[in-house]
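Single-structure report; data block below.
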Amino acid sequence: MSSNNRTVIASPAPPVSETSAEMSELEFGLIVASNAFHRWITHGMSAAGLKDLMPLDVIVLHQVSHRARNKRLSDICFLMNVEDTHLVSYSLKKLQNLGVVQAHKNGKEVTYCTTDSGLEYVRRYREIRETCLIGSHLSDQKHNAELAELVKTLRMLSGTYDQAARSAASL
């Protein structure tokens, strides 16, 4: 289908908006990009030697290892904008069982850190990422500037969707 000399991608979900076909296209693009990203991170981590992880497991491992600081469950959820702490808690338990994350208890507070083994997997993942993603596709200045603009847009959209979720919850 065509509108104003541009091609509109028809998709089964989300529903096409009568007032903003562009928003519907954006949402479909987010779905496709999200699935591609999830496929990439699981295959990237598998190539690094840590197999059979779900996308959330990989993301949690990266968050725990980020800046080499112990993090609480609530910190990890906040950084990732995840409301359901049970999902992240399950990932943390899975990662602990694999020996890549450790829990430390200090009174009532539990914090998590990456083990040496976990750090090695993250290091190998980073090398694979540089080879397969950065080096082959996204290393020039033009792409970097475009990515910086895209990051701004995604942050704005995150806020917009969070506000819309709060509005919908109050209906």
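A note on labels: chains of the structure tokens are A, B, ... as shown, every chain counts residues from 1, and ligands are counted from 1 in their shown order.
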field: Contacts of A:Cys113 at 10 Å (only C-alpha atoms; same-chain gap of 4+ positions) as a list in words
entry: Leu61, Gln63, Val64, Ser65, His66, Ala68, Arg69, Asn70, Lys71, Arg72, Gln96, Val100, Val101, Gln102, Ala103, His104, Gly118 and Leu119 of chain A
Could you make a table, as a Markdown table, of the residues of stretch 8-113 of chain A that have an atom within 12 Å of an atom of stretch 140-163 of chain A, each with its nearest atom pair and distance in Å to one decimal, counting only C-alpha atoms, in chain and number order?
| residue | atom | partner | partner_atom | distance |
| --- | --- | --- | --- | --- |
| A:Met23 | CA | A:Leu157 | CA | 10.8 |
| A:Leu26 | CA | A:Leu157 | CA | 10.4 |
| A:Glu27 | CA | A:Leu157 | CA | 10.5 |
| A:Leu30 | CA | A:Leu154 | CA | 9.9 |
| A:Met80 | CA | A:Ser158 | CA | 11.2 |
| A:Asn81 | CA | A:Ser158 | CA | 9.2 |
| A:Val82 | CA | A:Asp162 | CA | 11.2 |
| A:Glu83 | CA | A:Asp162 | CA | 11.2 |
message: Using only C-alpha atoms, which protein or nucleic acid residues come within 9 Å of stretch 34-45 of chain A? Drop anything in the same chain fewer than 6 positions from it, and give the result as JSON, numbers by chain.
response: {"A": [51, 52, 53, 54, 55, 56, 57, 58, 59, 121, 122, 124, 125, 126, 128, 129, 132]}
- prompt: Which residues in chain A does DSSP call strand (DSSP E)? List them as an MDAnalysis selection string.
  reply: chainID A and resid 2:3 6:7 71:72 101:106 109:114
Could those selected residues go to a file with N, CA and C atoms, as a PDB file, in the first residue's frame?
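Writing the result to selection_33.pdb gives the following:
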ATOM      1  N   SER A   2       0.406   2.313  -0.575  1.00  0.00           N
ATOM      2  CA  SER A   2       1.228   3.498  -0.708  1.00  0.00           C
ATOM      3  C   SER A   2       0.466   4.721  -0.220  1.00  0.00           C
ATOM      4  N   SER A   3       1.192   5.643   0.415  1.00  0.00           N
ATOM      5  CA  SER A   3       0.590   6.862   0.928  1.00  0.00           C
ATOM      6  C   SER A   3       1.603   7.986   0.760  1.00  0.00           C
ATOM      7  N   ARG A   6       5.131   7.073  -0.610  1.00  0.00           N
ATOM      8  CA  ARG A   6       6.025   6.250   0.203  1.00  0.00           C
ATOM      9  C   ARG A   6       5.370   4.903   0.422  1.00  0.00           C
ATOM     10  N   THR A   7       6.158   3.917   0.643  1.00  0.00           N
ATOM     11  CA  THR A   7       5.646   2.576   0.862  1.00  0.00           C
ATOM     12  C   THR A   7       5.346   2.390   2.333  1.00  0.00           C
ATOM     13  N   LYS A  71      25.530  -5.122  42.314  1.00  0.00           N
ATOM     14  CA  LYS A  71      24.225  -4.501  42.079  1.00  0.00           C
ATOM     15  C   LYS A  71      23.133  -5.306  42.773  1.00  0.00           C
ATOM     16  N   ARG A  72      22.147  -4.568  43.272  1.00  0.00           N
ATOM     17  CA  ARG A  72      20.970  -5.206  43.860  1.00  0.00           C
ATOM     18  C   ARG A  72      19.989  -5.557  42.751  1.00  0.00           C
ATOM     19  N   VAL A 101      27.679 -15.640  37.847  1.00  0.00           N
ATOM     20  CA  VAL A 101      27.253 -14.572  38.746  1.00  0.00           C
ATOM     21  C   VAL A 101      27.261 -15.128  40.167  1.00  0.00           C
ATOM     22  N   GLN A 102      27.653 -14.281  41.122  1.00  0.00           N
ATOM     23  CA  GLN A 102      27.622 -14.646  42.537  1.00  0.00           C
ATOM     24  C   GLN A 102      26.713 -13.678  43.285  1.00  0.00           C
ATOM     25  N   ALA A 103      26.066 -14.207  44.325  1.00  0.00           N
ATOM     26  CA  ALA A 103      25.266 -13.369  45.214  1.00  0.00           C
ATOM     27  C   ALA A 103      26.036 -13.173  46.509  1.00  0.00           C
ATOM     28  N   HIS A 104      25.959 -11.963  47.041  1.00  0.00           N
ATOM     29  CA  HIS A 104      26.586 -11.643  48.330  1.00  0.00           C
ATOM     30  C   HIS A 104      25.513 -11.071  49.234  1.00  0.00           C
ATOM     31  N   LYS A 105      25.430 -11.614  50.442  1.00  0.00           N
ATOM     32  CA  LYS A 105      24.420 -11.130  51.377  1.00  0.00           C
ATOM     33  C   LYS A 105      25.096 -10.295  52.458  1.00  0.00           C
ATOM     34  N   ASN A 106      24.543  -9.102  52.673  1.00  0.00           N
ATOM     35  CA  ASN A 106      25.024  -8.204  53.718  1.00  0.00           C
ATOM     36  C   ASN A 106      23.797  -7.770  54.510  1.00  0.00           C
ATOM     37  N   GLU A 109      20.299  -7.190  52.691  1.00  0.00           N
ATOM     38  CA  GLU A 109      20.561  -6.809  51.302  1.00  0.00           C
ATOM     39  C   GLU A 109      21.384  -7.871  50.577  1.00  0.00           C
ATOM     40  N   VAL A 110      20.947  -8.208  49.363  1.00  0.00           N
ATOM     41  CA  VAL A 110      21.671  -9.138  48.502  1.00  0.00           C
ATOM     42  C   VAL A 110      22.144  -8.368  47.285  1.00  0.00           C
ATOM     43  N   THR A 111      23.441  -8.503  46.985  1.00  0.00           N
ATOM     44  CA  THR A 111      23.982  -7.888  45.777  1.00  0.00           C
ATOM     45  C   THR A 111      24.582  -8.980  44.906  1.00  0.00           C
ATOM     46  N   TYR A 112      24.744  -8.644  43.643  1.00  0.00           N
ATOM     47  CA  TYR A 112      25.233  -9.612  42.661  1.00  0.00           C
ATOM     48  C   TYR A 112      26.452  -9.039  41.957  1.00  0.00           C
ATOM     49  N   CYS A 113      27.392  -9.923  41.655  1.00  0.00           N
ATOM     50  CA  CYS A 113      28.569  -9.538  40.886  1.00  0.00           C
ATOM     51  C   CYS A 113      28.908 -10.675  39.923  1.00  0.00           C
ATOM     52  N   THR A 114      29.716 -10.343  38.955  1.00  0.00           N
ATOM     53  CA  THR A 114      30.128 -11.318  37.955  1.00  0.00           C
ATOM     54  C   THR A 114      31.370 -12.047  38.460  1.00  0.00           C
TER      55      THR A 114
END
Please, which residues of stretch 18-150 of chain A, numbered as in this document, come out helix (DSSP H, G or I) from DSSP, as a tab-separated table (two decimals) with N, CA, C and O atoms, in the first residue's frame?
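What follows is the written file result09.tsv:
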chain	number	residue	atom	x	y	z
A	21	ALA	N	-0.12	6.18	10.55
A	21	ALA	CA	0.44	4.95	9.99
A	21	ALA	C	1.93	4.86	10.32
A	21	ALA	O	2.47	3.76	10.51
A	22	GLU	N	2.59	6.01	10.43
A	22	GLU	CA	4.02	6.02	10.74
A	22	GLU	C	4.30	5.40	12.10
A	22	GLU	O	5.28	4.69	12.27
A	23	MET	N	3.42	5.68	13.08
A	23	MET	CA	3.60	5.10	14.41
A	23	MET	C	3.43	3.59	14.35
A	23	MET	O	4.17	2.84	15.00
A	24	SER	N	2.48	3.13	13.55
A	24	SER	CA	2.29	1.69	13.39
A	24	SER	C	3.51	1.06	12.73
A	24	SER	O	3.96	-0.02	13.13
A	25	GLU	N	4.06	1.74	11.74
A	25	GLU	CA	5.28	1.24	11.09
A	25	GLU	C	6.44	1.21	12.07
A	25	GLU	O	7.23	0.27	12.08
A	26	LEU	N	6.55	2.26	12.89
A	26	LEU	CA	7.61	2.31	13.88
A	26	LEU	C	7.48	1.14	14.85
A	26	LEU	O	8.46	0.46	15.15
A	27	GLU	N	6.27	0.88	15.34
A	27	GLU	CA	6.07	-0.21	16.28
A	27	GLU	C	6.41	-1.56	15.66
A	27	GLU	O	7.03	-2.41	16.30
A	28	PHE	N	6.03	-1.74	14.41
A	28	PHE	CA	6.39	-2.99	13.74
A	28	PHE	C	7.91	-3.08	13.58
A	28	PHE	O	8.50	-4.13	13.80
A	29	GLY	N	8.54	-1.96	13.25
A	29	GLY	CA	10.00	-1.93	13.15
A	29	GLY	C	10.67	-2.26	14.47
A	29	GLY	O	11.69	-2.95	14.52
A	30	LEU	N	10.10	-1.75	15.58
A	30	LEU	CA	10.63	-2.07	16.90
A	30	LEU	C	10.52	-3.57	17.21
A	30	LEU	O	11.44	-4.16	17.79
A	31	ILE	N	9.41	-4.16	16.81
A	31	ILE	CA	9.22	-5.60	17.02
A	31	ILE	C	10.27	-6.39	16.26
A	31	ILE	O	10.95	-7.27	16.81
A	32	VAL	N	10.45	-6.05	14.99
A	32	VAL	CA	11.41	-6.76	14.14
A	32	VAL	C	12.84	-6.54	14.67
A	32	VAL	O	13.62	-7.49	14.78
A	33	ALA	N	13.17	-5.28	15.00
A	33	ALA	CA	14.52	-4.98	15.51
A	33	ALA	C	14.76	-5.67	16.85
A	33	ALA	O	15.86	-6.19	17.09
A	34	SER	N	13.76	-5.69	17.72
A	34	SER	CA	13.89	-6.34	19.01
A	34	SER	C	14.17	-7.83	18.85
A	34	SER	O	15.05	-8.38	19.52
A	35	ASN	N	13.44	-8.47	17.96
A	35	ASN	CA	13.66	-9.89	17.73
A	35	ASN	C	15.04	-10.16	17.14
A	35	ASN	O	15.71	-11.12	17.52
A	36	ALA	N	15.48	-9.31	16.21
A	36	ALA	CA	16.81	-9.46	15.63
A	36	ALA	C	17.89	-9.26	16.69
A	36	ALA	O	18.87	-10.00	16.75
A	37	PHE	N	17.70	-8.25	17.55
A	37	PHE	CA	18.65	-7.99	18.63
A	37	PHE	C	18.72	-9.18	19.58
A	37	PHE	O	19.81	-9.62	19.96
A	38	HIS	N	17.57	-9.71	19.97
A	38	HIS	CA	17.55	-10.86	20.87
A	38	HIS	C	18.25	-12.06	20.24
A	38	HIS	O	18.99	-12.79	20.93
A	39	ARG	N	18.00	-12.29	18.96
A	39	ARG	CA	18.67	-13.39	18.26
A	39	ARG	C	20.18	-13.17	18.27
A	39	ARG	O	20.96	-14.08	18.52
A	40	TRP	N	20.60	-11.92	17.98
A	40	TRP	CA	22.03	-11.60	17.96
A	40	TRP	C	22.68	-11.86	19.32
A	40	TRP	O	23.71	-12.51	19.40
A	41	ILE	N	22.10	-11.35	20.41
A	41	ILE	CA	22.78	-11.48	21.70
A	41	ILE	C	22.85	-12.93	22.17
A	41	ILE	O	23.84	-13.32	22.78
A	42	THR	N	21.83	-13.73	21.86
A	42	THR	CA	21.90	-15.14	22.27
A	42	THR	C	22.93	-15.90	21.43
A	42	THR	O	23.68	-16.71	21.97
A	43	HIS	N	22.98	-15.62	20.13
A	43	HIS	CA	23.98	-16.27	19.28
A	43	HIS	C	25.39	-15.76	19.60
A	43	HIS	O	26.35	-16.53	19.59
A	44	GLY	N	25.50	-14.46	19.89
A	44	GLY	CA	26.80	-13.91	20.26
A	44	GLY	C	27.33	-14.52	21.54
A	44	GLY	O	28.51	-14.89	21.63
A	45	MET	N	26.48	-14.68	22.54
A	45	MET	CA	26.91	-15.27	23.80
A	45	MET	C	27.18	-16.76	23.63
A	45	MET	O	28.11	-17.30	24.24
A	46	SER	N	26.40	-17.41	22.78
A	46	SER	CA	26.66	-18.82	22.50
A	46	SER	C	28.02	-18.99	21.84
A	46	SER	O	28.79	-19.91	22.19
A	47	ALA	N	28.36	-18.11	20.90
A	47	ALA	CA	29.67	-18.16	20.25
A	47	ALA	C	30.79	-17.89	21.25
A	47	ALA	O	31.90	-18.40	21.10
A	55	PRO	N	17.41	-14.29	25.95
A	55	PRO	CA	17.90	-12.90	25.80
A	55	PRO	C	18.00	-12.15	27.13
A	55	PRO	O	19.00	-11.46	27.37
A	56	LEU	N	17.01	-12.30	28.00
A	56	LEU	CA	17.07	-11.59	29.28
A	56	LEU	C	18.26	-12.03	30.11
A	56	LEU	O	18.90	-11.22	30.78
A	57	ASP	N	18.62	-13.31	30.04
A	57	ASP	CA	19.78	-13.81	30.77
A	57	ASP	C	21.06	-13.10	30.32
A	57	ASP	O	21.89	-12.70	31.14
A	58	VAL	N	21.22	-12.95	29.01
A	58	VAL	CA	22.40	-12.29	28.46
A	58	VAL	C	22.44	-10.83	28.91
A	58	VAL	O	23.48	-10.33	29.35
A	59	ILE	N	21.30	-10.16	28.83
A	59	ILE	CA	21.23	-8.75	29.21
A	59	ILE	C	21.52	-8.59	30.70
A	59	ILE	O	22.25	-7.67	31.10
A	60	VAL	N	20.99	-9.47	31.52
A	60	VAL	CA	21.23	-9.40	32.97
A	60	VAL	C	22.72	-9.61	33.25
A	60	VAL	O	23.31	-8.88	34.06
A	61	LEU	N	23.34	-10.58	32.60
A	61	LEU	CA	24.77	-10.81	32.80
A	61	LEU	C	25.57	-9.55	32.46
A	61	LEU	O	26.47	-9.15	33.21
A	62	HIS	N	25.23	-8.90	31.35
A	62	HIS	CA	25.93	-7.68	30.98
A	62	HIS	C	25.70	-6.57	32.01
A	62	HIS	O	26.62	-5.82	32.34
A	63	GLN	N	24.47	-6.45	32.51
A	63	GLN	CA	24.17	-5.42	33.51
A	63	GLN	C	24.93	-5.67	34.81
A	63	GLN	O	25.43	-4.74	35.42
A	64	VAL	N	25.00	-6.92	35.22
A	64	VAL	CA	25.72	-7.25	36.46
A	64	VAL	C	27.21	-6.94	36.30
A	64	VAL	O	27.85	-6.44	37.23
A	65	SER	N	27.76	-7.20	35.13
A	65	SER	CA	29.19	-6.97	34.94
A	65	SER	C	29.53	-5.51	34.64
A	65	SER	O	30.68	-5.10	34.80
A	66	HIS	N	28.53	-4.71	34.29
A	66	HIS	CA	28.77	-3.31	33.92
A	66	HIS	C	29.39	-2.53	35.08
A	66	HIS	O	28.90	-2.56	36.20
A	67	ARG	N	30.46	-1.85	34.80
A	67	ARG	CA	31.20	-1.01	35.76
A	67	ARG	C	31.75	-1.76	36.96
A	67	ARG	O	32.13	-1.14	37.95
A	68	ALA	N	31.75	-3.07	36.90
A	68	ALA	CA	32.37	-3.91	37.95
A	68	ALA	C	31.95	-3.51	39.36
A	68	ALA	O	32.75	-3.49	40.28
A	73	LEU	N	19.09	-6.46	43.04
A	73	LEU	CA	18.05	-6.83	42.09
A	73	LEU	C	17.29	-5.58	41.63
A	73	LEU	O	17.05	-5.39	40.44
A	74	SER	N	16.95	-4.72	42.58
A	74	SER	CA	16.20	-3.51	42.22
A	74	SER	C	17.01	-2.59	41.31
A	74	SER	O	16.45	-1.95	40.42
A	75	ASP	N	18.33	-2.53	41.50
A	75	ASP	CA	19.18	-1.72	40.62
A	75	ASP	C	19.15	-2.25	39.20
A	75	ASP	O	19.04	-1.49	38.23
A	76	ILE	N	19.27	-3.56	39.07
A	76	ILE	CA	19.29	-4.19	37.75
A	76	ILE	C	17.96	-3.94	37.04
A	76	ILE	O	17.92	-3.56	35.87
A	77	CYS	N	16.86	-4.14	37.75
A	77	CYS	CA	15.53	-3.93	37.16
A	77	CYS	C	15.36	-2.47	36.76
A	77	CYS	O	14.83	-2.18	35.68
A	78	PHE	N	15.80	-1.55	37.60
A	78	PHE	CA	15.67	-0.12	37.31
A	78	PHE	C	16.46	0.24	36.06
A	78	PHE	O	15.95	0.93	35.16
A	79	LEU	N	17.70	-0.22	35.97
A	79	LEU	CA	18.55	0.09	34.81
A	79	LEU	C	17.94	-0.42	33.51
A	79	LEU	O	18.07	0.21	32.47
A	80	MET	N	17.29	-1.58	33.59
A	80	MET	CA	16.73	-2.20	32.38
A	80	MET	C	15.27	-1.82	32.16
A	80	MET	O	14.68	-2.24	31.17
A	85	THR	N	10.21	-8.10	38.74
A	85	THR	CA	11.48	-8.52	39.34
A	85	THR	C	11.66	-10.03	39.32
A	85	THR	O	12.79	-10.51	39.35
A	86	HIS	N	10.56	-10.77	39.24
A	86	HIS	CA	10.66	-12.23	39.21
A	86	HIS	C	11.41	-12.72	37.98
A	86	HIS	O	12.16	-13.70	38.05
A	87	LEU	N	11.23	-12.04	36.85
A	87	LEU	CA	11.93	-12.43	35.63
A	87	LEU	C	13.44	-12.26	35.78
A	87	LEU	O	14.22	-13.14	35.44
A	88	VAL	N	13.84	-11.13	36.33
A	88	VAL	CA	15.27	-10.85	36.52
A	88	VAL	C	15.83	-11.77	37.61
A	88	VAL	O	16.94	-12.29	37.49
A	89	SER	N	15.06	-11.99	38.66
A	89	SER	CA	15.48	-12.89	39.73
A	89	SER	C	15.72	-14.30	39.19
A	89	SER	O	16.72	-14.96	39.55
A	90	TYR	N	14.85	-14.77	38.32
A	90	TYR	CA	15.02	-16.09	37.71
A	90	TYR	C	16.30	-16.13	36.88
A	90	TYR	O	17.06	-17.10	36.94
A	91	SER	N	16.55	-15.07	36.11
A	91	SER	CA	17.79	-15.01	35.32
A	91	SER	C	19.01	-15.03	36.23
A	91	SER	O	20.01	-15.71	35.94
A	92	LEU	N	18.96	-14.29	37.32
A	92	LEU	CA	20.10	-14.26	38.25
A	92	LEU	C	20.36	-15.64	38.83
A	92	LEU	O	21.52	-16.06	38.95
A	93	LYS	N	19.30	-16.36	39.19
A	93	LYS	CA	19.47	-17.72	39.71
A	93	LYS	C	20.08	-18.63	38.65
A	93	LYS	O	20.97	-19.44	38.94
A	94	LYS	N	19.61	-18.51	37.43
A	94	LYS	CA	20.14	-19.31	36.33
A	94	LYS	C	21.63	-19.00	36.12
A	94	LYS	O	22.45	-19.92	35.97
A	95	LEU	N	21.98	-17.73	36.14
A	95	LEU	CA	23.37	-17.32	35.95
A	95	LEU	C	24.25	-17.76	37.12
A	95	LEU	O	25.41	-18.13	36.92
A	96	GLN	N	23.70	-17.77	38.33
A	96	GLN	CA	24.44	-18.28	39.48
A	96	GLN	C	24.71	-19.77	39.33
A	96	GLN	O	25.82	-20.24	39.59
A	97	ASN	N	23.70	-20.51	38.87
A	97	ASN	CA	23.86	-21.95	38.67
A	97	ASN	C	24.90	-22.27	37.61
A	97	ASN	O	25.54	-23.32	37.65
A	116	ASP	N	34.84	-14.44	37.85
A	116	ASP	CA	35.92	-14.37	36.86
A	116	ASP	C	35.51	-15.10	35.58
A	116	ASP	O	35.77	-14.62	34.47
A	117	SER	N	34.84	-16.23	35.74
A	117	SER	CA	34.34	-16.98	34.59
A	117	SER	C	33.34	-16.15	33.80
A	117	SER	O	33.38	-16.09	32.56
A	118	GLY	N	32.42	-15.50	34.50
A	118	GLY	CA	31.44	-14.64	33.84
A	118	GLY	C	32.09	-13.49	33.11
A	118	GLY	O	31.70	-13.15	31.99
A	119	LEU	N	33.10	-12.88	33.73
A	119	LEU	CA	33.81	-11.78	33.08
A	119	LEU	C	34.52	-12.24	31.81
A	119	LEU	O	34.59	-11.51	30.83
A	120	GLU	N	35.03	-13.47	31.84
A	120	GLU	CA	35.69	-14.01	30.64
A	120	GLU	C	34.68	-14.21	29.50
A	120	GLU	O	34.96	-13.89	28.35
A	121	TYR	N	33.48	-14.70	29.82
A	121	TYR	CA	32.45	-14.84	28.79
A	121	TYR	C	32.06	-13.47	28.23
A	121	TYR	O	31.88	-13.32	27.02
A	122	VAL	N	31.92	-12.48	29.10
A	122	VAL	CA	31.57	-11.12	28.65
A	122	VAL	C	32.68	-10.56	27.77
A	122	VAL	O	32.43	-9.92	26.75
A	123	ARG	N	33.94	-10.80	28.14
A	123	ARG	CA	35.08	-10.34	27.34
A	123	ARG	C	35.06	-10.97	25.95
A	123	ARG	O	35.21	-10.30	24.93
A	124	ARG	N	34.82	-12.30	25.90
A	124	ARG	CA	34.76	-12.99	24.61
A	124	ARG	C	33.58	-12.50	23.78
A	124	ARG	O	33.69	-12.32	22.57
A	125	TYR	N	32.44	-12.27	24.43
A	125	TYR	CA	31.27	-11.72	23.73
A	125	TYR	C	31.63	-10.38	23.11
A	125	TYR	O	31.28	-10.10	21.97
A	126	ARG	N	32.32	-9.53	23.88
A	126	ARG	CA	32.71	-8.21	23.38
A	126	ARG	C	33.60	-8.34	22.14
A	126	ARG	O	33.44	-7.60	21.16
A	127	GLU	N	34.53	-9.29	22.16
A	127	GLU	CA	35.40	-9.50	20.99
A	127	GLU	C	34.58	-9.94	19.78
A	127	GLU	O	34.80	-9.45	18.67
A	128	ILE	N	33.65	-10.85	20.00
A	128	ILE	CA	32.78	-11.33	18.91
A	128	ILE	C	31.91	-10.20	18.40
A	128	ILE	O	31.71	-10.04	17.19
A	129	ARG	N	31.43	-9.38	19.30
A	129	ARG	CA	30.62	-8.21	18.92
A	129	ARG	C	31.42	-7.25	18.05
A	129	ARG	O	30.93	-6.76	17.03
A	130	GLU	N	32.66	-6.99	18.43
A	130	GLU	CA	33.52	-6.11	17.64
A	130	GLU	C	33.74	-6.67	16.25
A	130	GLU	O	33.70	-5.94	15.26
A	131	THR	N	33.94	-7.98	16.15
A	131	THR	CA	34.20	-8.62	14.87
A	131	THR	C	32.96	-8.69	14.00
A	131	THR	O	32.98	-8.30	12.83
A	132	CYS	N	31.87	-9.18	14.56
A	132	CYS	CA	30.67	-9.47	13.77
A	132	CYS	C	29.74	-8.28	13.58
A	132	CYS	O	29.04	-8.21	12.57
A	133	LEU	N	29.71	-7.37	14.52
A	133	LEU	CA	28.74	-6.29	14.46
A	133	LEU	C	29.41	-4.94	14.20
A	133	LEU	O	29.13	-4.29	13.20
A	134	ILE	N	30.31	-4.56	15.05
A	134	ILE	CA	30.91	-3.23	14.95
A	134	ILE	C	31.84	-3.15	13.75
A	134	ILE	O	31.69	-2.28	12.90
A	135	GLY	N	32.79	-4.04	13.67
A	135	GLY	CA	33.80	-3.99	12.60
A	135	GLY	C	33.23	-4.12	11.21
A	135	GLY	O	33.68	-3.47	10.28
A	136	SER	N	32.20	-4.92	11.07
A	136	SER	CA	31.69	-5.18	9.73
A	136	SER	C	30.57	-4.24	9.30
A	136	SER	O	30.28	-4.13	8.12
A	137	HIS	N	29.92	-3.56	10.24
A	137	HIS	CA	28.73	-2.80	9.87
A	137	HIS	C	28.68	-1.36	10.36
A	137	HIS	O	28.15	-0.50	9.68
A	141	GLN	N	32.22	7.10	11.10
A	141	GLN	CA	31.70	8.28	11.80
A	141	GLN	C	30.25	8.58	11.45
A	141	GLN	O	29.47	8.99	12.30
A	142	LYS	N	29.87	8.39	10.19
A	142	LYS	CA	28.49	8.67	9.78
A	142	LYS	C	27.53	7.77	10.55
A	142	LYS	O	26.52	8.24	11.07
A	143	HIS	N	27.84	6.49	10.63
A	143	HIS	CA	26.98	5.57	11.37
A	143	HIS	C	26.95	5.94	12.86
A	143	HIS	O	25.91	5.85	13.49
A	144	ASN	N	28.09	6.33	13.41
A	144	ASN	CA	28.13	6.71	14.83
A	144	ASN	C	27.23	7.90	15.11
A	144	ASN	O	26.52	7.93	16.12
A	145	ALA	N	27.23	8.90	14.23
A	145	ALA	CA	26.37	10.07	14.41
A	145	ALA	C	24.90	9.67	14.29
A	145	ALA	O	24.06	10.14	15.07
A	146	GLU	N	24.59	8.80	13.33
A	146	GLU	CA	23.21	8.33	13.18
A	146	GLU	C	22.77	7.54	14.41
A	146	GLU	O	21.64	7.67	14.86
A	147	LEU	N	23.67	6.73	14.94
A	147	LEU	CA	23.33	5.96	16.14
A	147	LEU	C	23.09	6.87	17.34
A	147	LEU	O	22.18	6.62	18.13
A	148	ALA	N	23.87	7.93	17.46
A	148	ALA	CA	23.68	8.87	18.57
A	148	ALA	C	22.29	9.51	18.49
A	148	ALA	O	21.60	9.65	19.51
A	149	GLU	N	21.85	9.85	17.30
A	149	GLU	CA	20.51	10.42	17.11
A	149	GLU	C	19.44	9.37	17.41
A	149	GLU	O	18.41	9.67	18.03
A	150	LEU	N	19.68	8.15	16.98
A	150	LEU	CA	18.74	7.08	17.24
A	150	LEU	C	18.60	6.82	18.74
A	150	LEU	O	17.49	6.60	19.24
